[in-house]
Amino acid sequence: MSAPAVEIRDLRYRYPDGRVGLDGVSLTVEEGETVGLIGPNGAGKSTLLMHLNGILPDAYRGAPSIFIHGVPVEKATLLRIRREVGLLFEDPDDQLLSPTVWEDIAFGPRQWDWPEAEVEAAVGRALADVGLEGFGRLSPHHLSNGEKQRVCLAGIMVSRPKVLALDEPTRALDPRGRRRLQAILGGLDAVKIIATHDLELVAETCGRAFVLDGGKIAAAGPAVEVLADEPLMLAHGLETPHILKNGACR
Amino acid sequence: MHIPDGFLDAKTVAAASVLSAAAIGRALRGVKRTLTPRKVPLMGLASAFLFVAQMINFPVIGGTSGHLLGAVLAAVLLGPDEAVLVMTVVLAVQALLFADGGVLALGANLFNMAVVAPLAGYAIYRLASRLARTEAGRLAAVALAAWASTVLAAAACAGELAAAGAVAWPLAFPAMTVLHMAVGLGEAVITVLVLAAVAKARPDLLPGFAARGREEGARPVADVLVYGGLVTAGAAIFVLPFASKLPDGLEAVAARLGFASRAAARPVLPAPLADYRVPGIGSLPLAAALAALVGAALVFGLAFLVARRRLARARSAVPAEPRAAEPR
Amino acid sequence: MKHERVDRLSRGESPVHRLSPGLKTAAAFAFILAVTLIPFRVGAVFAAAGALLVLAIAAGRVPAAYLLKRLLLLEPVIAAVAGLALFQPGGAARFAAMAVKSTLCVGAVLALSATTPAAGILAFFRALRVPSILTSMAALTVRYVHVLGDELRRMRRARRSRTFRGGKARAWRSAAAAAGHLFVRSTERAERIYRAMAARGWR
């Protein structure tokens, strides 16, 4: 049995002001899975995602708690981990930092000193993957939310990460943008962990779901089962999405 | 006071550019010493912030409005080295994309607004806040520093114009400095107001500020010497030759170089004050310099009194909760 | 806001737009250098420069209204400083020289920025090996000026919809408070940007 794609063992984290962020989180995600990470605001979902590629904590002490394909996430492995794990942040404006789309997607490969020809090819491929051919010379602030997000996705996928972590990917999307994102995600060959309030998305795309509340995993299991468990959902500030409730509309 | 192209001659541009480059180089080294990866996005965004903030209108009279320069604001919020770099980027972007200030004259504008303004301003802030260690004192120190930074930058600007032969010193210095003593009041008020707003929302961003008496780290002596040396060199090149000469010094030079006959032609517009003298004090530049000193004392005193009164009033209100900045 | 207009213009279509950004930037620099250094008495040069500039502006389809508006904003400074020269003997010639030269140079920069996206001009300086901290800062500035400008606009709109009393003092305090909050939000955004950069391998 090969190592799981993502393994988290008893992860604990305190915010700089002392509050408890994560209080002993353990979970595994296997190769090929798409899992949902759901929970109320303040549960620690973003914090957890940021541990996956080593952005948090600020300093590494003690034994590592996170393993990506068996490789521990610690100071020495950070650069390598960040190529294996792609993190899509909530606000596209925070990660679209170059003056043009092309330059932004090239940001990653340029960090790893790829030869310019390879960078060209990779950026072109990434743009095609997200359906934004010809957008290279545009400036980010001219794009719609959906387009911005696809550029961010392209910028991450350009390095072909094996694990993709997405933080609230559908928050600012209109229904068409949402469908498009779902289609793109469906075509990506990577383990996906989606932290979201969009419970319909979880029901439609995720095999399993984890409920995070107060820094702990409160429940885990097949996504549809977890979501359909109304008392569980309500207990953690969520609710069962309509498509899973008995009878279509009330 | 962005000098456009076409006003300064080659030697003045060259001299100012060399001084600016040296100061910016020094600032780069200073920043690199304490450079955490976070600093580059922070300074980049600070530049974007200043650029946008400089566009804000502060209505004065009729249709005119004042604007923030922000050199001292940047220095207090980010540090003097960082402020030099931030002002450099802002001025460069303005010159190259908007023609706010000349492209070749950029070296001179950088010297005035990215070197003299933040560094001299910061030095004055540190000195003044040492004298008055209360919170009101610190705000007054900021006000004085912001005001002084404007006046000093204007003086340097006048010096460059005079050195280039564009405008005679006895006219440039008083005109620029007196005008900017008024402009500097706006800068002082705006800087203090913005700083107070930042301190209220995120006191942690201003470690030395709200806390009483807690000293910020001492600058390495080398830094102070280098920066001080560069600003002094600028003063020596642009200001002192004129300040030390009598107002008729230019005429003496002109006579020696044979321009005297040409200069004898009447000026297009009558000079505002015959021979640039003010009764009782003597030369106009000297009068302007004295006015600056008096102005400095007034600004500091006034700012201190106002700050003390407002702080006393604010303290009797409910204090604001500092916001946590961590993501969930 | 002015950066929005320039940005839109720089993305237009014209023979000048299609030229390489490096070439245009270098040409503008050369133009400014020549205009500044050549003595004004060589009048023909300046007439030619003016003609060249007008040609570039026409070919670049830079709207005359935009140019005039920007010139109008910048001319008072030119007029004021040059005006000081009038108070001196021999001032008329100096005034004319300064006014013509600086107007030509301003025109060159406006023509350049209206036909060349900022990113291209930035690339020129990166190629000149300007220290990377400065070019990175400049790139971030160019990128986030629009974002911060929008944030500021939204903040002031929200404030205005809650303000019923006028007065200058209130206006100043409101504007300064908006600036203060914008700074705080900018530092927080900078932190998020840093994380995004780190996540993509930046050191």
# chains A, B, ... in the order shown; residues from 1 in each chain; ligands from 1

$ residues_around --residues "range 84-93 of chain A" --least-positions-apart "3" --cutoff "7 Å" --atoms "only C-alpha atoms" --output "NGL selection string"
(:A and (53 or 80-81 or 96 or 148-149 or 152-153 or 156 or 161-169)) or (:C and (199))

$ select_by_dssp --residues "range 103-227 of chain A" --states "strand (DSSP E)" --output "MDAnalysis selection string"
chainID A and resid 163:167 191:195 208:213 216:222

$ write_last_selection --atoms "N, CA and C atoms" --output "tab-separated table (two decimals), in the first residue's frame"
chain	number	residue	atom	x	y	z
A	163	VAL	N	-1.38	17.53	-5.46
A	163	VAL	CA	-2.46	17.82	-4.52
A	163	VAL	C	-2.90	19.25	-4.76
A	164	LEU	N	-4.21	19.43	-4.84
A	164	LEU	CA	-4.74	20.77	-5.07
A	164	LEU	C	-5.67	21.12	-3.91
A	165	ALA	N	-5.36	22.19	-3.20
A	165	ALA	CA	-6.20	22.63	-2.08
A	165	ALA	C	-6.88	23.93	-2.49
A	166	LEU	N	-8.19	23.98	-2.37
A	166	LEU	CA	-8.92	25.17	-2.81
A	166	LEU	C	-9.72	25.77	-1.65
A	167	ASP	N	-9.55	27.07	-1.45
A	167	ASP	CA	-10.23	27.75	-0.35
A	167	ASP	C	-11.39	28.57	-0.89
A	191	VAL	N	-5.22	15.12	-6.54
A	191	VAL	CA	-6.05	14.97	-5.35
A	191	VAL	C	-6.58	16.35	-5.01
A	192	LYS	N	-7.89	16.45	-4.74
A	192	LYS	CA	-8.46	17.77	-4.47
A	192	LYS	C	-9.07	17.83	-3.07
A	193	ILE	N	-8.71	18.90	-2.37
A	193	ILE	CA	-9.31	19.17	-1.06
A	193	ILE	C	-9.97	20.54	-1.17
A	194	ILE	N	-11.30	20.54	-1.00
A	194	ILE	CA	-12.03	21.79	-1.22
A	194	ILE	C	-12.64	22.25	0.09
A	195	ALA	N	-12.17	23.40	0.59
A	195	ALA	CA	-12.76	24.00	1.79
A	195	ALA	C	-13.82	24.97	1.30
A	208	ARG	N	-15.71	12.19	-0.31
A	208	ARG	CA	-15.82	12.21	1.15
A	208	ARG	C	-15.85	13.64	1.63
A	209	ALA	N	-16.30	13.80	2.87
A	209	ALA	CA	-16.31	15.15	3.46
A	209	ALA	C	-15.86	15.08	4.90
A	210	PHE	N	-15.17	16.13	5.33
A	210	PHE	CA	-14.77	16.27	6.72
A	210	PHE	C	-15.44	17.51	7.29
A	211	VAL	N	-15.99	17.38	8.48
A	211	VAL	CA	-16.57	18.55	9.14
A	211	VAL	C	-15.58	19.05	10.17
A	212	LEU	N	-15.17	20.30	10.01
A	212	LEU	CA	-14.21	20.91	10.93
A	212	LEU	C	-14.94	21.94	11.77
A	213	ASP	N	-14.83	21.81	13.08
A	213	ASP	CA	-15.50	22.78	13.94
A	213	ASP	C	-14.65	22.99	15.18
A	216	LYS	N	-11.34	21.08	15.39
A	216	LYS	CA	-11.32	19.61	15.46
A	216	LYS	C	-12.17	19.04	14.33
A	217	ILE	N	-11.82	17.81	13.94
A	217	ILE	CA	-12.66	17.09	12.98
A	217	ILE	C	-13.84	16.53	13.74
A	218	ALA	N	-15.02	17.05	13.45
A	218	ALA	CA	-16.21	16.61	14.19
A	218	ALA	C	-16.87	15.42	13.53
A	219	ALA	N	-16.66	15.26	12.22
A	219	ALA	CA	-17.29	14.14	11.54
A	219	ALA	C	-16.55	13.91	10.22
A	220	ALA	N	-16.59	12.67	9.76
A	220	ALA	CA	-15.95	12.35	8.47
A	220	ALA	C	-16.70	11.17	7.86
A	221	GLY	N	-16.73	11.14	6.54
A	221	GLY	CA	-17.42	10.02	5.90
A	221	GLY	C	-17.77	10.36	4.47
A	222	PRO	N	-18.50	9.45	3.81
A	222	PRO	CA	-18.92	9.75	2.44
A	222	PRO	C	-19.69	11.07	2.41

$ closest_atom_pairs --of "chain C" --to "chain B" --cutoff "6 Å" --atoms "only C-alpha atoms" --output "JSON lines"
{"residue": "C:Thr36", "atom": "CA", "partner": "B:Gly6", "partner_atom": "CA", "distance": 5.1}
{"residue": "C:Ala85", "atom": "CA", "partner": "B:Val167", "partner_atom": "CA", "distance": 5.3}
{"residue": "C:Leu86", "atom": "CA", "partner": "B:Val268", "partner_atom": "CA", "distance": 5.6}
{"residue": "C:Phe87", "atom": "CA", "partner": "B:Ala271", "partner_atom": "CA", "distance": 5.2}
{"residue": "C:Gln88", "atom": "CA", "partner": "B:Pro267", "partner_atom": "CA", "distance": 5.1}
{"residue": "C:Pro89", "atom": "CA", "partner": "B:Pro267", "partner_atom": "CA", "distance": 4.1}
{"residue": "C:Met98", "atom": "CA", "partner": "B:Gly6", "partner_atom": "CA", "distance": 5.4}
{"residue": "C:Lys101", "atom": "CA", "partner": "B:Gly6", "partner_atom": "CA", "distance": 5.0}
{"residue": "C:Ser102", "atom": "CA", "partner": "B:Gly6", "partner_atom": "CA", "distance": 4.7}
{"residue": "C:Val106", "atom": "CA", "partner": "B:Ala99", "partner_atom": "CA", "distance": 5.5}
{"residue": "C:Val109", "atom": "CA", "partner": "B:Ala99", "partner_atom": "CA", "distance": 5.7}
{"residue": "C:Ser113", "atom": "CA", "partner": "B:Leu97", "partner_atom": "CA", "distance": 5.2}
{"residue": "C:Met137", "atom": "CA", "partner": "B:Gly44", "partner_atom": "CA", "distance": 4.1}
{"residue": "C:Ala138", "atom": "CA", "partner": "B:Val89", "partner_atom": "CA", "distance": 5.9}
{"residue": "C:Leu140", "atom": "CA", "partner": "B:Gly44", "partner_atom": "CA", "distance": 5.2}
{"residue": "C:Thr141", "atom": "CA", "partner": "B:Ala48", "partner_atom": "CA", "distance": 4.4}
{"residue": "C:Val145", "atom": "CA", "partner": "B:Ala48", "partner_atom": "CA", "distance": 5.0}
{"residue": "C:Trp172", "atom": "CA", "partner": "B:Phe58", "partner_atom": "CA", "distance": 5.8}
{"residue": "C:Ala176", "atom": "CA", "partner": "B:Val194", "partner_atom": "CA", "distance": 4.9}
{"residue": "C:Ala177", "atom": "CA", "partner": "B:Ala197", "partner_atom": "CA", "distance": 5.3}
{"residue": "C:Gly180", "atom": "CA", "partner": "B:Val194", "partner_atom": "CA", "distance": 4.8}
{"residue": "C:Ala190", "atom": "CA", "partner": "B:Leu42", "partner_atom": "CA", "distance": 5.1}
{"residue": "C:Tyr194", "atom": "CA", "partner": "B:Arg38", "partner_atom": "CA", "distance": 5.7}

$ residues_around --residues "range 62-71 of chain C" --least-positions-apart "6" --cutoff "10 Å" --atoms "only C-alpha atoms" --output "MDAnalysis selection string"
(chainID B and resid 98:100) or (chainID C and resid 2 5:6 9:10 12 14 16 54 56 78 103 106:107 110:115)

$ write_last_selection --atoms "N, CA and C atoms" --output "PDB file, in the first residue's frame"
ATOM      1  N   PHE B  98       3.012  59.210 -15.841  1.00  0.00           N
ATOM      2  CA  PHE B  98       2.074  60.320 -15.806  1.00  0.00           C
ATOM      3  C   PHE B  98       2.722  61.673 -16.058  1.00  0.00           C
ATOM      4  N   ALA B  99       4.006  61.689 -16.292  1.00  0.00           N
ATOM      5  CA  ALA B  99       4.722  62.949 -16.504  1.00  0.00           C
ATOM      6  C   ALA B  99       4.595  63.881 -15.309  1.00  0.00           C
ATOM      7  N   ASP B 100       4.308  63.334 -14.126  1.00  0.00           N
ATOM      8  CA  ASP B 100       4.337  64.131 -12.903  1.00  0.00           C
ATOM      9  C   ASP B 100       5.789  64.267 -12.491  1.00  0.00           C
TER      10      ASP B 100
ATOM     11  N   LYS C   2      -6.689  58.727 -12.604  1.00  0.00           N
ATOM     12  CA  LYS C   2      -5.834  58.901 -13.779  1.00  0.00           C
ATOM     13  C   LYS C   2      -5.196  57.602 -14.244  1.00  0.00           C
ATOM     14  N   ARG C   5      -7.390  55.727 -16.787  1.00  0.00           N
ATOM     15  CA  ARG C   5      -7.428  56.246 -18.151  1.00  0.00           C
ATOM     16  C   ARG C   5      -6.195  55.842 -18.924  1.00  0.00           C
ATOM     17  N   VAL C   6      -5.044  56.051 -18.294  1.00  0.00           N
ATOM     18  CA  VAL C   6      -3.779  55.715 -18.958  1.00  0.00           C
ATOM     19  C   VAL C   6      -3.754  54.236 -19.310  1.00  0.00           C
ATOM     20  N   LEU C   9      -5.954  53.504 -22.293  1.00  0.00           N
ATOM     21  CA  LEU C   9      -5.372  54.016 -23.534  1.00  0.00           C
ATOM     22  C   LEU C   9      -4.216  53.146 -23.983  1.00  0.00           C
ATOM     23  N   SER C  10      -3.409  52.699 -23.005  1.00  0.00           N
ATOM     24  CA  SER C  10      -2.206  51.966 -23.369  1.00  0.00           C
ATOM     25  C   SER C  10      -2.529  50.614 -23.992  1.00  0.00           C
ATOM     26  N   GLY C  12      -4.783  50.260 -26.330  1.00  0.00           N
ATOM     27  CA  GLY C  12      -5.493  50.512 -27.583  1.00  0.00           C
ATOM     28  C   GLY C  12      -4.824  49.838 -28.758  1.00  0.00           C
ATOM     29  N   SER C  14      -3.038  50.626 -32.519  1.00  0.00           N
ATOM     30  CA  SER C  14      -2.515  51.620 -33.463  1.00  0.00           C
ATOM     31  C   SER C  14      -1.126  51.173 -33.879  1.00  0.00           C
ATOM     32  N   VAL C  16       1.568  52.630 -33.476  1.00  0.00           N
ATOM     33  CA  VAL C  16       2.530  52.915 -32.407  1.00  0.00           C
ATOM     34  C   VAL C  16       2.384  51.884 -31.283  1.00  0.00           C
ATOM     35  N   VAL C  54       4.018  65.430 -32.479  1.00  0.00           N
ATOM     36  CA  VAL C  54       2.643  65.468 -33.002  1.00  0.00           C
ATOM     37  C   VAL C  54       2.378  64.243 -33.867  1.00  0.00           C
ATOM     38  N   ALA C  56       3.825  61.288 -33.609  1.00  0.00           N
ATOM     39  CA  ALA C  56       3.701  60.113 -32.747  1.00  0.00           C
ATOM     40  C   ALA C  56       2.326  60.075 -32.094  1.00  0.00           C
ATOM     41  N   ILE C  78       4.653  74.156 -14.540  1.00  0.00           N
ATOM     42  CA  ILE C  78       5.649  74.662 -15.484  1.00  0.00           C
ATOM     43  C   ILE C  78       5.587  76.181 -15.536  1.00  0.00           C
ATOM     44  N   THR C 103       7.309  71.331 -22.012  1.00  0.00           N
ATOM     45  CA  THR C 103       6.067  70.877 -22.654  1.00  0.00           C
ATOM     46  C   THR C 103       6.345  69.741 -23.623  1.00  0.00           C
ATOM     47  N   VAL C 106       6.999  66.604 -21.506  1.00  0.00           N
ATOM     48  CA  VAL C 106       5.741  66.087 -20.954  1.00  0.00           C
ATOM     49  C   VAL C 106       4.969  65.366 -22.047  1.00  0.00           C
ATOM     50  N   GLY C 107       4.918  65.971 -23.220  1.00  0.00           N
ATOM     51  CA  GLY C 107       4.223  65.351 -24.346  1.00  0.00           C
ATOM     52  C   GLY C 107       4.797  63.987 -24.664  1.00  0.00           C
ATOM     53  N   LEU C 110       3.687  61.458 -22.018  1.00  0.00           N
ATOM     54  CA  LEU C 110       2.270  61.151 -22.171  1.00  0.00           C
ATOM     55  C   LEU C 110       2.036  60.262 -23.389  1.00  0.00           C
ATOM     56  N   ALA C 111       2.733  60.566 -24.480  1.00  0.00           N
ATOM     57  CA  ALA C 111       2.579  59.737 -25.675  1.00  0.00           C
ATOM     58  C   ALA C 111       3.057  58.320 -25.394  1.00  0.00           C
ATOM     59  N   LEU C 112       4.177  58.195 -24.707  1.00  0.00           N
ATOM     60  CA  LEU C 112       4.704  56.871 -24.390  1.00  0.00           C
ATOM     61  C   LEU C 112       3.713  56.086 -23.534  1.00  0.00           C
ATOM     62  N   SER C 113       3.245  56.705 -22.434  1.00  0.00           N
ATOM     63  CA  SER C 113       2.411  55.939 -21.507  1.00  0.00           C
ATOM     64  C   SER C 113       1.032  55.661 -22.083  1.00  0.00           C
ATOM     65  N   ALA C 114       0.616  56.453 -23.081  1.00  0.00           N
ATOM     66  CA  ALA C 114      -0.697  56.203 -23.667  1.00  0.00           C
ATOM     67  C   ALA C 114      -0.645  55.135 -24.753  1.00  0.00           C
ATOM     68  N   THR C 115       0.573  54.716 -25.132  1.00  0.00           N
ATOM     69  CA  THR C 115       0.662  53.707 -26.184  1.00  0.00           C
ATOM     70  C   THR C 115       1.413  52.465 -25.740  1.00  0.00           C
TER      71      THR C 115
END

$ closest_residue --among "A:Gly237, A:Gly131, A:Gly214, A:Pro72" --to "chain B" --atoms "only C-alpha atoms"
A:Gly214

$ closest_residue --among "C:Val42, C:Glu4, C:Leu55, C:Ala99" --to "chain A" --atoms "only C-alpha atoms"
C:Glu4

$ select_by_dssp --residues "range 18-133 of chain C" --states "alpha helix (DSSP H)" --output "ChimeraX atom specification"
/C:18,21-37,43-59,64-86,91-115,118-127,132-133

$ closest_residue --among "C:Ile193, C:Thr135, C:Ala171, C:Ser186" --to "Leu122 in chain C" --atoms "only C-alpha atoms"
C:Thr135

$ closest_atom_pairs --of "chain C" --to "chain A" --cutoff "10 Å" --atoms "only C-alpha atoms" --output "tab-separated table"
residue	atom	partner	partner_atom	distance
C:Asp7	CA	A:Ser139	CA	9.2
C:Arg8	CA	A:His142	CA	9.5
C:Arg11	CA	A:Leu138	CA	8.7
C:Pro117	CA	A:Ser139	CA	9.1
C:Ala118	CA	A:Pro99	CA	7.9
C:Ala119	CA	A:Pro99	CA	5.7
C:Gly120	CA	A:Pro99	CA	9.2
C:Leu122	CA	A:Pro99	CA	9.4
C:Ser136	CA	A:Ser98	CA	9.2
C:Ala138	CA	A:Pro99	CA	9.9
C:Ala139	CA	A:Pro99	CA	6.3
C:Leu140	CA	A:Leu97	CA	6.5
C:Thr141	CA	A:Pro99	CA	9.2
C:Val142	CA	A:Pro99	CA	6.8
C:Arg143	CA	A:Pro99	CA	5.2
C:Tyr144	CA	A:Leu97	CA	7.9
C:Val145	CA	A:His141	CA	9.9
C:His146	CA	A:His141	CA	7.0
C:Val147	CA	A:His141	CA	7.4
C:Arg189	CA	A:Asp94	CA	6.6
C:Ala190	CA	A:Asp94	CA	7.9
C:Glu191	CA	A:Asp94	CA	9.0
C:Arg192	CA	A:Asp94	CA	6.0
C:Ile193	CA	A:Asp94	CA	4.9
C:Tyr194	CA	A:Gln95	CA	8.6
C:Arg195	CA	A:Ile55	CA	6.5
C:Ala196	CA	A:Gln95	CA	5.2
C:Met197	CA	A:Gln95	CA	7.1
C:Ala198	CA	A:Ile55	CA	7.0
C:Ala199	CA	A:Arg82	CA	5.8
C:Arg200	CA	A:Gly108	CA	5.3
C:Gly201	CA	A:Leu79	CA	5.9
C:Trp202	CA	A:Gln111	CA	6.1
C:Arg203	CA	A:Gln111	CA	8.4

$ decode --residues "range 87-119 of chain A" --atoms "C-alpha atoms" --output "PDB file, in the first residue's frame"
ATOM      1  CA  LEU A  87      -3.102  26.217  -2.936  1.00  0.00           C
ATOM      2  CA  LEU A  88      -5.849  28.362  -4.449  1.00  0.00           C
ATOM      3  CA  PHE A  89      -6.597  31.206  -2.074  1.00  0.00           C
ATOM      4  CA  GLU A  90      -9.980  32.738  -1.513  1.00  0.00           C
ATOM      5  CA  ASP A  91      -9.399  36.155  -3.101  1.00  0.00           C
ATOM      6  CA  PRO A  92      -7.931  35.994  -6.603  1.00  0.00           C
ATOM      7  CA  ASP A  93      -6.604  39.545  -6.219  1.00  0.00           C
ATOM      8  CA  ASP A  94      -4.294  38.335  -3.482  1.00  0.00           C
ATOM      9  CA  GLN A  95      -2.529  35.879  -5.726  1.00  0.00           C
ATOM     10  CA  LEU A  96      -2.679  37.567  -9.126  1.00  0.00           C
ATOM     11  CA  LEU A  97       0.299  39.716  -8.485  1.00  0.00           C
ATOM     12  CA  SER A  98       1.947  40.373 -11.817  1.00  0.00           C
ATOM     13  CA  PRO A  99       1.078  43.123 -14.283  1.00  0.00           C
ATOM     14  CA  THR A 100      -0.035  40.634 -16.947  1.00  0.00           C
ATOM     15  CA  VAL A 101      -1.742  37.253 -17.010  1.00  0.00           C
ATOM     16  CA  TRP A 102       1.172  35.648 -18.811  1.00  0.00           C
ATOM     17  CA  GLU A 103       3.731  36.887 -16.306  1.00  0.00           C
ATOM     18  CA  ASP A 104       1.600  35.753 -13.408  1.00  0.00           C
ATOM     19  CA  ILE A 105       1.295  32.196 -14.638  1.00  0.00           C
ATOM     20  CA  ALA A 106       5.008  32.207 -15.355  1.00  0.00           C
ATOM     21  CA  PHE A 107       5.747  33.270 -11.789  1.00  0.00           C
ATOM     22  CA  GLY A 108       5.976  29.734 -10.430  1.00  0.00           C
ATOM     23  CA  PRO A 109       8.148  28.230 -13.174  1.00  0.00           C
ATOM     24  CA  ARG A 110      10.428  31.246 -13.041  1.00  0.00           C
ATOM     25  CA  GLN A 111      10.948  30.659  -9.320  1.00  0.00           C
ATOM     26  CA  TRP A 112      12.240  27.214 -10.174  1.00  0.00           C
ATOM     27  CA  ASP A 113      14.560  28.557 -12.881  1.00  0.00           C
ATOM     28  CA  TRP A 114      13.019  26.703 -15.778  1.00  0.00           C
ATOM     29  CA  PRO A 115      14.535  27.617 -19.146  1.00  0.00           C
ATOM     30  CA  GLU A 116      12.492  30.289 -20.898  1.00  0.00           C
ATOM     31  CA  ALA A 117      11.345  27.955 -23.674  1.00  0.00           C
ATOM     32  CA  GLU A 118       9.874  25.548 -21.154  1.00  0.00           C
ATOM     33  CA  VAL A 119       8.177  28.403 -19.345  1.00  0.00           C
TER      34      VAL A 119
END
